[in-house]
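Okay, data-v5.csv is below, CSV, C-alpha atoms:
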```csv
chain,number,residue,atom,x,y,z
A,15,MET,CA,-7.2,-6.2,-21.2
A,16,LYS,CA,-10.3,-6.0,-23.4
A,17,VAL,CA,-12.7,-3.1,-23.9
A,18,THR,CA,-16.1,-3.3,-25.4
A,19,ILE,CA,-18.4,-0.3,-26.2
A,20,THR,CA,-22.2,-0.6,-26.3
A,21,ASP,CA,-24.9,2.0,-26.8
A,22,GLN,CA,-28.0,2.0,-24.7
A,23,GLU,CA,-30.2,4.8,-26.1
A,24,GLU,CA,-28.5,8.0,-25.0
A,25,ILE,CA,-25.9,6.2,-22.8
A,26,THR,CA,-22.6,4.6,-23.8
A,27,VAL,CA,-21.3,1.8,-21.8
A,28,VAL,CA,-17.5,1.1,-21.7
A,29,GLU,CA,-16.8,-2.4,-20.4
A,30,VAL,CA,-13.3,-3.2,-19.4
A,31,SER,CA,-11.9,-6.6,-18.5
A,32,GLY,CA,-8.4,-7.3,-17.4
A,33,ASP,CA,-5.7,-5.2,-15.8
A,34,ILE,CA,-5.2,-1.5,-16.5
A,35,ASP,CA,-1.5,-0.7,-16.3
A,36,SER,CA,0.9,1.5,-18.4
A,37,LYS,CA,0.8,-1.1,-21.2
A,38,THR,CA,-3.0,-1.3,-21.5
A,39,ALA,CA,-4.1,2.3,-20.4
A,40,PRO,CA,-3.6,3.8,-23.9
A,41,GLU,CA,-6.2,1.3,-25.3
A,42,PHE,CA,-8.6,2.1,-22.4
A,43,GLU,CA,-8.1,5.8,-23.1
A,44,ARG,CA,-8.7,5.4,-26.8
A,45,ASN,CA,-12.0,3.6,-26.2
A,46,ALA,CA,-13.1,6.1,-23.5
A,47,LYS,CA,-12.6,8.9,-26.0
A,48,LEU,CA,-14.5,7.0,-28.6
A,49,ALA,CA,-17.4,6.6,-26.1
A,50,MET,CA,-17.3,10.3,-25.2
A,51,ASP,CA,-17.5,11.2,-28.9
A,52,LYS,CA,-20.8,9.2,-29.1
A,53,SER,CA,-22.4,10.3,-25.9
A,54,LYS,CA,-22.0,12.6,-22.9
A,55,HIS,CA,-23.5,10.0,-20.6
A,56,ILE,CA,-21.0,7.3,-19.9
A,57,VAL,CA,-21.0,4.2,-17.8
A,58,ILE,CA,-17.5,2.6,-17.2
A,59,ASP,CA,-17.9,-1.0,-16.1
A,60,LEU,CA,-14.8,-2.1,-14.1
A,61,THR,CA,-16.4,-5.3,-12.7
A,62,ASP,CA,-13.8,-7.5,-14.4
A,63,VAL,CA,-10.8,-5.2,-13.7
A,64,GLY,CA,-8.6,-6.7,-11.0
A,65,PHE,CA,-5.8,-4.2,-11.1
A,66,MET,CA,-5.5,-0.5,-12.0
A,67,SER,CA,-2.3,1.6,-11.6
A,68,SER,CA,-1.9,5.3,-11.8
A,69,ALA,CA,-1.9,5.0,-15.6
A,70,GLY,CA,-5.6,4.1,-15.2
A,71,LEU,CA,-6.3,7.0,-12.8
A,72,ARG,CA,-4.9,9.3,-15.4
A,73,VAL,CA,-7.4,8.0,-17.9
A,74,LEU,CA,-10.2,8.5,-15.3
A,75,LEU,CA,-9.0,12.1,-14.8
A,76,MET,CA,-9.1,12.7,-18.5
A,77,VAL,CA,-12.7,11.3,-18.7
A,78,TYR,CA,-13.8,13.4,-15.7
A,79,ARG,CA,-12.5,16.6,-17.2
A,80,ASN,CA,-13.9,15.9,-20.7
A,81,ILE,CA,-17.3,15.0,-19.3
A,82,ARG,CA,-17.4,18.0,-17.1
A,83,SER,CA,-16.6,20.3,-19.9
A,84,GLN,CA,-19.5,18.8,-21.9
A,85,GLU,CA,-21.8,19.0,-18.9
A,86,GLY,CA,-22.2,15.2,-19.1
A,87,LYS,CA,-22.1,12.5,-16.5
A,88,VAL,CA,-20.0,9.5,-15.8
A,89,VAL,CA,-20.7,6.5,-13.5
A,90,LEU,CA,-18.3,3.8,-12.5
A,91,VAL,CA,-19.6,0.3,-12.0
A,92,GLY,CA,-18.2,-2.7,-10.0
A,93,VAL,CA,-15.1,-1.0,-8.7
A,94,SER,CA,-13.2,-3.6,-6.6
A,95,GLU,CA,-12.4,-2.8,-3.0
A,96,GLU,CA,-8.7,-2.5,-3.7
A,97,ILE,CA,-9.2,0.0,-6.5
A,98,GLN,CA,-11.7,1.9,-4.4
A,99,ASP,CA,-9.0,2.1,-1.7
A,100,VAL,CA,-6.6,3.6,-4.3
A,101,MET,CA,-9.2,6.1,-5.5
A,102,SER,CA,-9.8,7.0,-1.9
A,103,THR,CA,-6.1,7.6,-1.0
A,104,THR,CA,-5.7,9.8,-4.0
A,105,GLY,CA,-8.9,11.8,-3.4
A,106,PHE,CA,-10.4,10.6,-6.7
A,107,ILE,CA,-13.4,8.8,-5.1
A,108,ASN,CA,-15.2,12.1,-4.2
A,109,PHE,CA,-15.6,13.0,-7.8
A,110,PHE,CA,-17.1,9.8,-9.1
A,111,THR,CA,-20.4,8.1,-8.7
A,112,ILE,CA,-19.8,4.4,-8.0
A,113,VAL,CA,-22.5,1.8,-8.3
A,114,GLU,CA,-22.5,-2.0,-8.1
A,115,LYS,CA,-24.2,-3.1,-11.3
A,116,PRO,CA,-24.4,-1.8,-14.9
A,117,GLU,CA,-28.2,-1.4,-14.7
A,118,ASP,CA,-27.8,0.9,-11.6
A,119,GLY,CA,-25.4,3.0,-13.7
A,120,VAL,CA,-27.8,3.3,-16.5
A,121,ALA,CA,-30.7,4.1,-14.1
A,122,PHE,CA,-28.6,6.8,-12.5
A,123,LEU,CA,-27.9,8.5,-15.8
A,124,LYS,CA,-31.5,8.3,-16.8
A,125,GLN,CA,-32.7,10.1,-13.7
A,126,ASP,CA,-32.5,13.5,-15.4
B,28,MET,CA,18.3,-13.6,-2.1
B,29,GLU,CA,16.2,-14.9,-4.9
B,30,SER,CA,16.5,-13.1,-8.3
B,31,LYS,CA,14.5,-12.9,-11.4
B,32,SER,CA,15.1,-11.0,-14.6
B,33,PHE,CA,12.5,-9.2,-16.7
B,34,PRO,CA,12.9,-7.5,-20.1
B,35,GLY,CA,12.6,-3.7,-19.8
B,36,THR,CA,9.4,-3.3,-21.7
B,37,VAL,CA,5.8,-2.7,-20.6
B,38,ASP,CA,5.0,-6.2,-21.8
B,39,SER,CA,6.7,-7.4,-18.7
B,40,LEU,CA,4.3,-5.8,-16.2
B,41,ASP,CA,1.8,-8.6,-16.3
B,42,ALA,CA,4.4,-11.2,-15.5
B,43,LEU,CA,6.0,-9.0,-12.9
B,44,ARG,CA,2.7,-8.5,-11.0
B,45,GLU,CA,2.1,-12.2,-11.1
B,46,TYR,CA,5.6,-12.9,-9.7
B,47,ILE,CA,5.1,-10.4,-6.9
B,48,GLY,CA,1.8,-12.2,-6.2
B,49,GLU,CA,3.7,-15.5,-5.9
B,50,LEU,CA,6.2,-14.0,-3.5
B,51,SER,CA,3.5,-12.5,-1.4
B,52,GLN,CA,1.8,-15.8,-1.2
B,53,GLN,CA,5.0,-17.5,-0.1
B,54,ALA,CA,5.4,-14.8,2.5
B,55,GLY,CA,1.8,-15.2,3.7
B,56,LEU,CA,0.8,-11.6,3.0
B,57,ALA,CA,-2.9,-10.9,3.1
B,58,LYS,CA,-5.0,-9.8,0.1
B,59,LYS,CA,-4.8,-6.1,0.6
B,60,PRO,CA,-1.1,-5.7,1.3
B,61,THR,CA,-0.4,-8.0,-1.6
B,62,TYR,CA,-2.4,-5.6,-3.9
B,63,SER,CA,-0.5,-2.6,-2.4
B,64,LEU,CA,2.9,-4.3,-3.1
B,65,LYS,CA,1.9,-5.2,-6.6
B,66,LEU,CA,0.8,-1.6,-7.2
B,67,ALA,CA,4.0,-0.2,-5.7
B,68,VAL,CA,6.3,-2.4,-7.7
B,69,ASP,CA,4.3,-1.9,-10.9
B,70,GLU,CA,4.5,1.9,-10.5
B,71,ILE,CA,8.3,1.9,-10.0
B,72,ALA,CA,8.9,-0.6,-12.7
B,73,THR,CA,6.8,1.5,-15.1
B,74,ASN,CA,9.1,4.5,-14.4
B,75,ILE,CA,12.2,2.4,-14.9
B,76,ILE,CA,10.8,1.0,-18.2
B,77,LEU,CA,9.4,4.3,-19.7
B,78,TYR,CA,11.8,6.9,-18.5
B,79,GLY,CA,14.9,4.9,-17.5
B,80,TYR,CA,15.1,2.6,-20.5
B,81,GLN,CA,12.7,3.6,-23.3
B,82,GLU,CA,13.1,7.3,-23.4
B,83,PRO,CA,16.9,7.2,-23.8
B,84,GLY,CA,16.6,4.1,-26.0
B,85,ILE,CA,18.3,1.6,-23.7
B,86,GLU,CA,17.4,-2.1,-24.2
B,87,ALA,CA,18.0,-3.9,-21.0
B,88,ASP,CA,16.5,-6.1,-18.3
B,89,PHE,CA,15.7,-5.2,-14.8
B,90,GLN,CA,16.0,-7.5,-11.8
B,91,VAL,CA,13.7,-8.4,-9.0
B,92,LEU,CA,15.6,-9.5,-5.9
B,93,SER,CA,13.6,-10.9,-3.0
B,94,GLU,CA,13.9,-12.3,0.4
B,95,ILE,CA,11.6,-13.4,3.2
B,96,LYS,CA,13.4,-12.7,6.4
B,97,ASP,CA,12.1,-12.7,10.0
B,98,ASP,CA,8.7,-11.1,9.6
B,99,LYS,CA,9.3,-9.2,6.4
B,100,LEU,CA,9.1,-9.6,2.7
B,101,VAL,CA,11.8,-7.6,1.0
B,102,VAL,CA,11.6,-6.9,-2.7
B,103,ILE,CA,14.3,-4.9,-4.6
B,104,LEU,CA,14.1,-3.6,-8.2
B,105,GLU,CA,17.5,-3.2,-9.8
B,106,ASP,CA,18.1,-1.4,-13.1
B,107,ILE,CA,21.0,0.0,-15.0
B,108,ALA,CA,19.4,3.2,-16.2
B,109,ALA,CA,20.7,6.6,-15.3
B,110,PRO,CA,20.5,7.4,-11.5
B,111,PHE,CA,16.9,8.3,-10.6
B,112,ASP,CA,15.7,8.8,-7.1
B,113,PRO,CA,11.9,8.6,-7.0
B,114,LEU,CA,12.0,10.2,-3.5
B,115,ALA,CA,13.6,13.3,-4.9
B,116,LYS,CA,10.5,14.2,-6.8
B,117,GLU,CA,8.0,16.5,-5.1
B,118,LEU,CA,5.0,14.4,-4.0
B,119,PRO,CA,1.4,15.6,-3.9
B,120,ASN,CA,0.6,16.8,-0.3
B,121,ALA,CA,-2.6,16.4,1.6
B,122,GLN,CA,-3.9,19.6,0.1
B,123,ASP,CA,-3.2,18.6,-3.5
B,124,LEU,CA,-5.2,15.4,-2.9
B,125,THR,CA,-8.3,17.3,-2.0
B,126,LEU,CA,-8.2,19.6,-5.0
B,127,SER,CA,-10.9,19.1,-7.6
B,128,LEU,CA,-9.9,16.9,-10.5
B,129,GLU,CA,-10.1,19.9,-12.7
B,130,GLU,CA,-7.4,21.8,-10.8
B,131,ARG,CA,-4.9,19.2,-9.9
B,132,GLY,CA,-1.8,18.0,-11.6
B,133,ILE,CA,-1.3,14.3,-12.1
B,134,GLY,CA,2.4,14.1,-11.6
B,135,GLY,CA,3.8,12.0,-8.7
B,136,LEU,CA,0.7,10.0,-8.1
B,137,GLY,CA,2.4,6.7,-8.9
B,138,ILE,CA,5.2,7.4,-6.4
B,139,PHE,CA,2.7,8.6,-3.9
B,140,LEU,CA,0.8,5.3,-4.1
B,141,THR,CA,4.1,3.4,-3.8
B,142,ILE,CA,5.2,5.1,-0.6
B,143,ASN,CA,1.7,5.0,0.8
B,144,GLY,CA,1.2,1.3,0.0
B,145,VAL,CA,4.3,-0.3,1.5
B,146,ASP,CA,5.7,-0.4,5.0
B,147,GLU,CA,9.1,0.9,4.0
B,148,PHE,CA,10.4,2.3,0.7
B,149,SER,CA,14.0,3.3,0.1
B,150,TYR,CA,16.3,4.1,-2.8
B,151,GLU,CA,20.0,3.9,-3.4
B,152,TYR,CA,22.4,4.1,-6.3
B,153,ALA,CA,25.3,1.8,-6.0
B,154,ASP,CA,27.7,-0.1,-8.4
B,155,GLY,CA,26.1,1.6,-11.4
B,156,LYS,CA,22.6,0.4,-10.4
B,157,ASN,CA,19.4,2.0,-9.2
B,158,ARG,CA,18.0,0.0,-6.3
B,159,ASN,CA,14.4,0.6,-5.2
B,160,LYS,CA,13.6,-1.4,-2.1
B,161,PHE,CA,10.1,-2.3,-0.8
B,162,VAL,CA,9.5,-3.9,2.6
B,163,MET,CA,6.2,-5.4,3.7
B,164,LYS,CA,5.7,-6.6,7.3
B,165,ILE,CA,4.2,-10.0,7.6
B,166,ALA,CA,1.4,-9.9,10.2
B,167,ALA,CA,1.7,-12.7,12.8
B,168,THR,CA,-1.0,-15.2,12.5
```
Target format C-alpha coordinates, applied to this file:
Amino acid sequence: MKVTITDQEEITVVEVSGDIDSKTAPEFERNAKLAMDKSKHIVIDLTDVGFMSSAGLRVLLMVYRNIRSQEGKVVLVGVSEEIQDVMSTTGFINFFTIVEKPEDGVAFLKQD
Amino acid sequence: MESKSFPGTVDSLDALREYIGELSQQAGLAKKPTYSLKLAVDEIATNIILYGYQEPGIEADFQVLSEIKDDKLVVILEDIAAPFDPLAKELPNAQDLTLSLEERGIGGLGIFLTINGVDEFSYEYADGKNRNKFVMKIAAT
(Lines of atoms letter the chains of each structure in order from A and count residues from 1; the text may use other names and numbers.)
(Lines give C-alpha, C1' and ligand atoms only; values in the text may rest on other atoms or scores of the structure.)
Protein backbone atom coordinates (compact mmCIF):
# COMPACT_ATOMS: atom_id res chain seq x y z
CA MET A 1 0.00 0.00 0.00
CA LYS A 2 1.15 3.53 -0.80
CA VAL A 3 -0.29 6.82 0.41
CA THR A 4 0.32 10.25 -1.08
CA ILE A 5 -0.93 13.55 0.28
CA THR A 6 -1.45 16.61 -1.91
CA ASP A 7 -2.85 20.02 -1.10
CA GLN A 8 -5.31 21.75 -3.39
CA GLU A 9 -5.89 25.17 -1.86
CA GLU A 10 -7.98 24.56 1.29
CA ILE A 11 -8.43 20.88 0.54
CA THR A 12 -6.13 17.98 1.30
CA VAL A 13 -6.29 14.89 -0.89
CA VAL A 14 -5.18 11.53 0.52
CA GLU A 15 -4.59 9.06 -2.27
CA VAL A 16 -4.25 5.41 -1.30
CA SER A 17 -3.17 2.60 -3.57
CA GLY A 18 -2.96 -1.07 -2.65
CA ASP A 19 -4.77 -3.13 -0.02
CA ILE A 20 -5.81 -1.79 3.38
CA ASP A 21 -5.50 -4.58 5.95
CA SER A 22 -4.21 -4.84 9.51
CA LYS A 23 -0.64 -4.61 8.23
CA THR A 24 -1.13 -1.42 6.23
CA ALA A 25 -3.96 0.32 8.15
CA PRO A 26 -1.56 2.03 10.62
CA GLU A 27 0.22 3.75 7.71
CA PHE A 28 -3.15 4.83 6.27
CA GLU A 29 -4.15 6.15 9.71
CA ARG A 30 -0.89 8.07 10.14
CA ASN A 31 -1.35 9.78 6.78
CA ALA A 32 -5.03 10.52 7.39
CA LYS A 33 -4.09 12.24 10.67
CA LEU A 34 -1.38 14.20 8.90
CA ALA A 35 -3.93 15.35 6.32
CA MET A 36 -6.42 16.37 9.02
CA ASP A 37 -3.73 18.41 10.76
CA LYS A 38 -3.34 20.39 7.53
CA SER A 39 -6.95 20.87 6.61
CA LYS A 40 -10.48 20.13 7.73
CA HIS A 41 -11.63 19.41 4.21
CA ILE A 42 -10.38 16.01 3.16
CA VAL A 43 -10.71 13.92 0.03
CA ILE A 44 -9.78 10.25 0.43
CA ASP A 45 -9.15 8.67 -2.95
CA LEU A 46 -9.62 4.90 -2.84
CA THR A 47 -9.70 4.36 -6.62
CA ASP A 48 -6.65 2.08 -6.48
CA VAL A 49 -7.68 0.18 -3.36
CA GLY A 50 -8.81 -3.34 -4.21
CA PHE A 51 -9.32 -4.61 -0.68
CA MET A 52 -10.21 -3.08 2.67
CA SER A 53 -10.75 -5.02 5.90
CA SER A 54 -12.32 -3.84 9.16
CA ALA A 55 -8.90 -2.36 10.02
CA GLY A 56 -9.57 0.17 7.24
CA LEU A 57 -13.13 0.78 8.46
CA ARG A 58 -11.64 1.64 11.86
CA VAL A 59 -9.49 4.32 10.24
CA LEU A 60 -12.53 5.72 8.38
CA LEU A 61 -14.39 5.85 11.70
CA MET A 62 -11.51 7.77 13.26
CA VAL A 63 -11.47 10.18 10.31
CA TYR A 64 -15.23 10.70 10.49
CA ARG A 65 -15.15 11.49 14.22
CA ASN A 66 -12.17 13.79 13.90
CA ILE A 67 -13.65 15.72 10.97
CA ARG A 68 -17.03 16.03 12.69
CA SER A 69 -15.47 17.47 15.82
CA GLN A 70 -13.68 20.09 13.67
CA GLU A 71 -16.87 20.76 11.71
CA GLY A 72 -15.02 19.79 8.58
CA LYS A 73 -15.98 17.56 5.68
CA VAL A 74 -14.72 14.35 4.17
CA VAL A 75 -15.44 12.83 0.76
CA LEU A 76 -14.50 9.34 -0.42
CA VAL A 77 -13.58 8.85 -4.06
CA GLY A 78 -13.63 5.79 -6.31
CA VAL A 79 -14.83 3.25 -3.75
CA SER A 80 -15.06 -0.19 -5.40
CA GLU A 81 -18.36 -2.04 -5.50
CA GLU A 82 -17.08 -4.66 -3.04
CA ILE A 83 -15.90 -2.07 -0.53
CA GLN A 84 -19.21 -0.20 -0.89
CA ASP A 85 -20.99 -3.49 -0.11
CA VAL A 86 -18.97 -3.83 3.09
CA MET A 87 -19.66 -0.20 4.03
CA SER A 88 -23.31 -0.83 3.39
CA THR A 89 -23.57 -4.01 5.53
CA THR A 90 -21.88 -2.23 8.42
CA GLY A 91 -23.98 0.93 8.08
CA PHE A 92 -20.91 3.08 7.37
CA ILE A 93 -22.13 4.14 3.95
CA ASN A 94 -24.81 6.49 5.30
CA PHE A 95 -22.23 8.72 6.93
CA PHE A 96 -19.95 9.30 3.97
CA THR A 97 -20.30 11.15 0.72
CA ILE A 98 -18.98 8.94 -2.05
CA VAL A 99 -18.15 10.27 -5.52
CA GLU A 100 -16.53 8.72 -8.57
CA LYS A 101 -13.69 11.08 -9.43
CA PRO A 102 -11.24 13.19 -7.39
CA GLU A 103 -12.39 16.38 -9.12
CA ASP A 104 -15.98 15.63 -8.04
CA GLY A 105 -14.73 15.37 -4.46
CA VAL A 106 -12.92 18.69 -4.67
CA ALA A 107 -15.97 20.32 -6.27
CA PHE A 108 -18.21 18.98 -3.48
CA LEU A 109 -15.96 20.42 -0.78
CA LYS A 110 -15.76 23.79 -2.54
CA GLN A 111 -19.57 24.13 -2.60
CA ASP A 112 -19.68 26.00 0.68
CA MET B 1 -7.43 -31.78 1.81
CA GLU B 2 -4.86 -29.39 0.46
CA SER B 3 -2.72 -27.63 3.07
CA LYS B 4 -0.53 -24.53 3.10
CA SER B 5 1.40 -22.91 5.93
CA PHE B 6 1.84 -19.20 6.62
CA PRO B 7 4.03 -17.51 9.24
CA GLY B 8 1.89 -15.93 11.99
CA THR B 9 2.63 -12.30 11.17
CA VAL B 10 0.65 -9.57 9.41
CA ASP B 11 3.18 -9.76 6.56
CA SER B 12 1.43 -13.01 5.57
CA LEU B 13 -1.97 -11.40 4.93
CA ASP B 14 -1.20 -10.36 1.34
CA ALA B 15 -0.06 -13.84 0.34
CA LEU B 16 -2.95 -15.40 2.25
CA ARG B 17 -5.54 -13.36 0.31
CA GLU B 18 -3.79 -14.20 -2.93
CA TYR B 19 -3.94 -17.91 -2.04
CA ILE B 20 -7.64 -17.68 -1.18
CA GLY B 21 -8.11 -15.97 -4.55
CA GLU B 22 -6.46 -18.93 -6.30
CA LEU B 23 -8.61 -21.45 -4.42
CA SER B 24 -11.75 -19.46 -5.28
CA GLN B 25 -10.77 -19.43 -8.92
CA GLN B 26 -10.21 -23.20 -8.93
CA ALA B 27 -13.63 -23.62 -7.34
CA GLY B 28 -15.21 -21.30 -9.89
CA LEU B 29 -16.49 -18.76 -7.36
CA ALA B 30 -17.76 -15.49 -8.78
CA LYS B 31 -16.10 -12.13 -8.07
CA LYS B 32 -18.27 -11.02 -5.15
CA PRO B 33 -18.24 -14.28 -3.15
CA THR B 34 -14.47 -14.44 -3.76
CA TYR B 35 -14.08 -11.01 -2.18
CA SER B 36 -16.32 -11.98 0.75
CA LEU B 37 -14.27 -15.11 1.41
CA LYS B 38 -10.99 -13.20 1.20
CA LEU B 39 -12.36 -10.67 3.67
CA ALA B 40 -13.65 -13.36 6.06
CA VAL B 41 -10.36 -15.28 6.05
CA ASP B 42 -8.35 -12.06 6.40
CA GLU B 43 -10.40 -10.97 9.43
CA ILE B 44 -10.06 -14.29 11.27
CA ALA B 45 -6.36 -14.63 10.36
CA THR B 46 -5.80 -11.10 11.69
CA ASN B 47 -7.32 -12.10 15.04
CA ILE B 48 -5.15 -15.24 15.17
CA ILE B 49 -2.00 -13.27 14.34
CA LEU B 50 -2.55 -10.24 16.59
CA TYR B 51 -4.29 -11.77 19.61
CA GLY B 52 -3.53 -15.49 19.36
CA TYR B 53 0.18 -15.22 18.55
CA GLN B 54 1.63 -11.70 18.86
CA GLU B 55 0.03 -10.59 22.12
CA PRO B 56 1.22 -13.60 24.14
CA GLY B 57 4.51 -13.63 22.17
CA ILE B 58 4.06 -16.90 20.31
CA GLU B 59 6.01 -17.39 17.10
CA ALA B 60 4.20 -19.97 15.04
CA ASP B 61 2.63 -20.68 11.68
CA PHE B 62 -1.01 -21.10 10.89
CA GLN B 63 -2.38 -23.52 8.31
CA VAL B 64 -4.91 -23.15 5.55
CA LEU B 65 -6.65 -26.42 4.73
CA SER B 66 -8.94 -26.48 1.74
CA GLU B 67 -11.13 -28.74 -0.27
CA ILE B 68 -13.49 -28.40 -3.18
CA LYS B 69 -16.21 -30.94 -2.62
CA ASP B 70 -19.54 -31.37 -4.36
CA ASP B 71 -20.75 -27.83 -4.78
CA LYS B 72 -18.75 -26.31 -1.94
CA LEU B 73 -15.41 -24.68 -1.30
CA VAL B 74 -14.31 -25.45 2.27
CA VAL B 75 -11.46 -23.48 3.84
CA ILE B 76 -10.19 -24.15 7.37
CA LEU B 77 -7.76 -21.96 9.30
CA GLU B 78 -5.85 -23.92 11.93
CA ASP B 79 -3.70 -22.37 14.65
CA ILE B 80 -2.06 -23.45 17.89
CA ALA B 81 -2.88 -20.34 19.92
CA ALA B 82 -4.97 -20.49 23.11
CA PRO B 83 -8.59 -21.56 22.48
CA PHE B 84 -10.56 -18.65 21.07
CA ASP B 85 -14.10 -18.95 19.81
CA PRO B 86 -14.93 -15.96 17.60
CA LEU B 87 -18.62 -16.84 17.87
CA ALA B 88 -18.56 -16.43 21.65
CA LYS B 89 -18.05 -12.69 21.25
CA GLU B 90 -21.09 -10.49 21.23
CA LEU B 91 -21.71 -9.26 17.70
CA PRO B 92 -23.11 -5.91 16.70
CA ASN B 93 -26.89 -6.29 16.19
CA ALA B 94 -29.12 -4.60 13.64
CA GLN B 95 -29.62 -1.64 15.94
CA ASP B 96 -25.90 -1.13 16.58
CA LEU B 97 -25.32 -0.97 12.84
CA THR B 98 -27.70 1.95 12.44
CA LEU B 99 -26.07 3.98 15.22
CA SER B 100 -24.24 7.08 14.13
CA LEU B 101 -20.51 6.64 13.80
CA GLU B 102 -20.02 8.91 16.78
CA GLU B 103 -21.96 6.64 19.12
CA ARG B 104 -20.99 3.19 18.08
CA GLY B 105 -18.30 0.86 19.31
CA ILE B 106 -16.08 -0.72 16.72
CA GLY B 107 -15.60 -4.13 18.33
CA GLY B 108 -16.78 -7.25 16.57
CA LEU B 109 -17.02 -5.70 13.10
CA GLY B 110 -14.47 -8.11 11.65
CA ILE B 111 -16.31 -11.16 12.93
CA PHE B 112 -19.62 -9.69 11.84
CA LEU B 113 -18.23 -9.30 8.29
CA THR B 114 -16.90 -12.86 8.41
CA ILE B 115 -20.20 -14.45 9.36
CA ASN B 116 -22.12 -12.19 7.05
CA GLY B 117 -19.88 -12.89 4.05
CA VAL B 118 -19.70 -16.68 3.97
CA ASP B 119 -22.40 -19.32 3.55
CA GLU B 120 -21.35 -21.19 6.69
CA PHE B 121 -18.92 -20.37 9.44
CA SER B 122 -18.07 -22.64 12.36
CA TYR B 123 -15.46 -23.01 15.06
CA GLU B 124 -14.08 -25.92 17.03
CA TYR B 125 -11.15 -26.58 19.32
CA ALA B 126 -9.67 -30.04 18.87
CA ASP B 127 -6.26 -31.67 19.39
CA GLY B 128 -4.77 -28.45 20.74
CA LYS B 129 -5.85 -26.46 17.70
CA ASN B 130 -8.36 -23.75 16.89
CA ARG B 131 -10.20 -24.61 13.70
CA ASN B 132 -12.14 -21.85 11.98
CA LYS B 133 -14.13 -23.25 9.07
CA PHE B 134 -15.51 -21.27 6.13
CA VAL B 135 -17.85 -22.76 3.54
CA MET B 136 -18.82 -21.15 0.24
CA LYS B 137 -21.46 -22.66 -2.01
CA ILE B 138 -20.48 -22.81 -5.63
CA ALA B 139 -23.31 -21.65 -7.82
CA ALA B 140 -24.26 -24.04 -10.62
CA THR B 141 -23.37 -22.63 -14.01
- Message: Just checking: using all atoms listed in the file, which residue out of B:Met28, B:Ala108, B:Leu77, B:Ile165 ends up closest to chain A?
- Response: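 Comparing B:Met28, B:Ala108, B:Leu77, B:Ile165 against chain A, the winner is B:Leu77.
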- Item | Minimum-distance residue to Met76 of chain A, chosen among A:Gln98, A:Leu90, A:Ile25, A:Ala46 (using only C-alpha atoms) |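 Of the candidates, the smallest distance to Met76 of chain A is held by A:Ala46.
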- Which residues come within 12 Å of Thr103 of chain A, counting only C-alpha atoms, excluding same-chain residues fewer than 3 positions away, as a ChimeraX atom specification? /A:68,71,96-100,106-108 /B:63,119-121,123-125,136-137,139-144
- Item | Interatomic distance (Å, one decimal) between atom CA of Val89 of chain A and atom CA of Val57 of chain A |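 According to the coordinates, atom CA of Val89 of chain A and atom CA of Val57 of chain A are separated by 4.9 Å.
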- Item | Between atom CA of Val145 of chain B and atom CA of Asn159 of chain B, distance in Å (one decimal) | 12.2 Å
What are the closest atom pairs, with distances in Å to one decimal, for all residues of chain A lying within 12 Å of segment 41-60 of chain B? Consider only C-alpha atoms, order rows by chain and residue number, and present the result as a tab-separated table.
```
residue	atom	partner	partner_atom	distance
A:Met15	CA	B:Asp41	CA	10.5
A:Gly32	CA	B:Asp41	CA	10.3
A:Asp33	CA	B:Asp41	CA	8.2
A:Ile34	CA	B:Asp41	CA	10.0
A:Asp35	CA	B:Asp41	CA	8.6
A:Ser36	CA	B:Asp41	CA	10.4
A:Lys37	CA	B:Asp41	CA	9.0
A:Thr38	CA	B:Asp41	CA	10.2
A:Gly64	CA	B:Arg44	CA	11.4
A:Phe65	CA	B:Arg44	CA	9.5
A:Met66	CA	B:Arg44	CA	11.5
A:Ser67	CA	B:Arg44	CA	11.3
A:Ser94	CA	B:Lys59	CA	11.3
A:Glu95	CA	B:Lys59	CA	9.0
A:Glu96	CA	B:Lys59	CA	6.8
A:Ile97	CA	B:Lys59	CA	10.3
A:Gln98	CA	B:Lys59	CA	11.7
A:Asp99	CA	B:Lys59	CA	9.5
A:Val100	CA	B:Lys59	CA	11.0
```
- Straight-line distance linking atom CA of Arg82 of chain A with atom CA of Ser31 of chain A, stated in Å to one decimal: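 It comes out at 25.2 Å.
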- Message: Applying 12 Å and all atoms listed in the file, which residues near Glu151 of chain B remain after dropping the ones on its own chain fewer than 3 positions away? List them as a list in words.
- Response: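 The contact residues come out as Ile103, Leu104, Glu105, Asp106, Pro110, Phe111, Asp112, Pro113, Leu114, Ala115, Phe148, Asp154, Gly155, Lys156, Asn157, Arg158, Asn159, Lys160 and Phe161 of chain B.
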Can I get the selection written as a PDB file, in the coordinates of the input, with C-alpha atoms?
```pdb
ATOM      1  CA  ILE B 103      14.300  -4.900  -4.600  1.00  0.00           C
ATOM      2  CA  LEU B 104      14.100  -3.600  -8.200  1.00  0.00           C
ATOM      3  CA  GLU B 105      17.500  -3.200  -9.800  1.00  0.00           C
ATOM      4  CA  ASP B 106      18.100  -1.400 -13.100  1.00  0.00           C
ATOM      5  CA  PRO B 110      20.500   7.400 -11.500  1.00  0.00           C
ATOM      6  CA  PHE B 111      16.900   8.300 -10.600  1.00  0.00           C
ATOM      7  CA  ASP B 112      15.700   8.800  -7.100  1.00  0.00           C
ATOM      8  CA  PRO B 113      11.900   8.600  -7.000  1.00  0.00           C
ATOM      9  CA  LEU B 114      12.000  10.200  -3.500  1.00  0.00           C
ATOM     10  CA  ALA B 115      13.600  13.300  -4.900  1.00  0.00           C
ATOM     11  CA  PHE B 148      10.400   2.300   0.700  1.00  0.00           C
ATOM     12  CA  ASP B 154      27.700  -0.100  -8.400  1.00  0.00           C
ATOM     13  CA  GLY B 155      26.100   1.600 -11.400  1.00  0.00           C
ATOM     14  CA  LYS B 156      22.600   0.400 -10.400  1.00  0.00           C
ATOM     15  CA  ASN B 157      19.400   2.000  -9.200  1.00  0.00           C
ATOM     16  CA  ARG B 158      18.000   0.000  -6.300  1.00  0.00           C
ATOM     17  CA  ASN B 159      14.400   0.600  -5.200  1.00  0.00           C
ATOM     18  CA  LYS B 160      13.600  -1.400  -2.100  1.00  0.00           C
ATOM     19  CA  PHE B 161      10.100  -2.300  -0.800  1.00  0.00           C
TER      20      PHE B 161
END
```
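Close to (-7.1, 6.3, -25.3), meaning no more than 12 Å away when counting all atoms listed in the file, sit the residues Val17, Ile34, Ser36, Lys37, Thr38, Ala39, Pro40, Glu41, Phe42, Glu43, Arg44, Asn45, Ala46, Lys47, Leu48, Ala49, Met50, Ala69, Gly70, Arg72, Val73, Leu74, Met76 and Val77 of chain A.
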- Message: Show me the residues around (15.1, 6.5, -18.5) - criterion: an atom at most 12 Å away, all atoms listed in the file counted - as a list in words.
- Response: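 In the file's frame, the residues around the point are Gly35, Thr36, Ile71, Ala72, Thr73, Asn74, Ile75, Ile76, Leu77, Tyr78, Gly79, Tyr80, Gln81, Glu82, Pro83, Gly84, Ile85, Glu86, Ala87, Asp106, Ile107, Ala108, Ala109, Pro110, Phe111, Asp112 and Asn157 of chain B.
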- Considering only C-alpha atoms, state which residue in the set B:Val102, B:Ala153, B:Val162, B:Leu126 is at the smallest distance from chain A.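 Selected residue with least distance to chain A: B:Leu126.
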